[in-house]
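Colleague: Sharing a structure with you now.
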Amino acid sequence: MLLENVNTLEQLSQYFDSIVELENDDLLFASSYLRGFIEVAAVDFGDDEQPLTECLAQKVSEQLQIARSELNPNDQQIVSNFWQTLQPAFA
């Protein structure tokens, strides 16, 4: 699944599921880590059919900033880079 086709939370979950097929440990780690933050933040915005919005992205970014100390510097960079690639999907 291409990220350009991702517009809803459900589609984003499908995108995360498709990453498993790439057999890339860093992407799998980052997608799993971010998925948790996104799903928790999304509870305030609607159901799985909700569109990916800037407000949702902002809430996720804030929560990631708070949780920075959970990760070592290398893992922080992996997650940060992956989050930057996802943010354009949040219109």
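Each chain in the structure tokens gets a letter, A, B, ..., in the order shown, and its residues are numbered from 1; ligands are numbered from 1 in order too.
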I'd like the neighbourhood of segment 25-27 of chain A as number ranges by chain, where a residue qualifies if any of its atoms comes within 10 Å (using only C-alpha atoms), though same-chain residues fewer than 3 positions away should be ignored.
Modeller: A: 16, 19-20, 22, 30-33, 75, 78-79, 81-82
Colleague: Neighbouring residues of segment 55-65 of chain A were defined as those with any atom within 7 Å, considering only C-alpha atoms; residues of the same chain fewer than 5 positions away were excluded. Please report them as a CSV table (one decimal) with N, CA and C atoms, in the first residue's frame.
Modeller:
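Generated output (result-v1.csv):
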```
chain,number,residue,atom,x,y,z
A,37,PHE,N,0.9,5.4,19.6
A,37,PHE,CA,0.7,6.8,19.9
A,37,PHE,C,-0.5,7.3,19.1
A,38,ILE,N,-0.6,6.9,17.8
A,38,ILE,CA,-1.6,7.4,16.9
A,38,ILE,C,-3.0,6.8,17.4
A,41,ALA,N,-4.1,8.6,20.6
A,41,ALA,CA,-4.5,10.0,20.3
A,41,ALA,C,-5.8,10.0,19.5
A,42,ALA,N,-6.0,9.1,18.6
A,42,ALA,CA,-7.2,9.1,17.7
A,42,ALA,C,-8.5,8.9,18.5
A,87,GLN,N,3.8,12.3,8.3
A,87,GLN,CA,3.0,13.6,8.5
A,87,GLN,C,2.3,14.1,7.3
A,90,PHE,N,-1.4,13.4,7.0
A,90,PHE,CA,-2.3,14.1,7.9
A,90,PHE,C,-2.6,15.5,7.3
```
Colleague: Could you list, as a ChimeraX atom specification, every residue within 7 Å of Leu52 of chain A, counting only C-alpha atoms and ignoring same-chain residues fewer than 3 positions away?
Modeller: /A:7-9,56,89-91
Colleague: Would you save the residues from that selection as a compact mmCIF listing (two decimals), in the first residue's frame, using C-alpha atoms?
Modeller:
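Heads up, here's the output in result-v5.txt:
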```txt
# COMPACT_ATOMS: atom_id res chain seq x y z
CA ASN A 7 -6.41 9.19 4.15
CA THR A 8 -8.10 7.54 7.13
CA LEU A 9 -7.04 5.88 10.36
CA LEU A 56 -4.41 14.46 15.22
CA ALA A 89 -0.72 12.04 5.07
CA PHE A 90 -2.29 14.08 7.87
CA ALA A 91 -3.91 16.77 5.72
```
Colleague: Skip Asn5 of chain A itself and residues of its chain fewer than 5 positions away, then list as a count of residues only all residues within 12 Å of it, counting only C-alpha atoms.
Modeller: 10
Colleague: Ranking A:Leu71, A:Leu34, A:Gly46, A:Ser13 by minimum distance to Gln84 of chain A and counting only C-alpha atoms, which one comes first?
Modeller: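 Looking only at the distances to Gln84 of chain A, the closest residue turns out to be A:Leu34.
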Colleague: Rounded to one decimal, what separation in Å do you get between atom CA of Asn72 of chain A and atom CA of Glu39 of chain A?
Modeller: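 The value is 22.6 Å.
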Colleague: Based on DSSP run over this structure's backbone, return all residues of chain A in helix (DSSP H, G or I), as a ChimeraX atom specification.
Modeller: /A:3-5,9-22,25-42,54-66,68-70,73-89
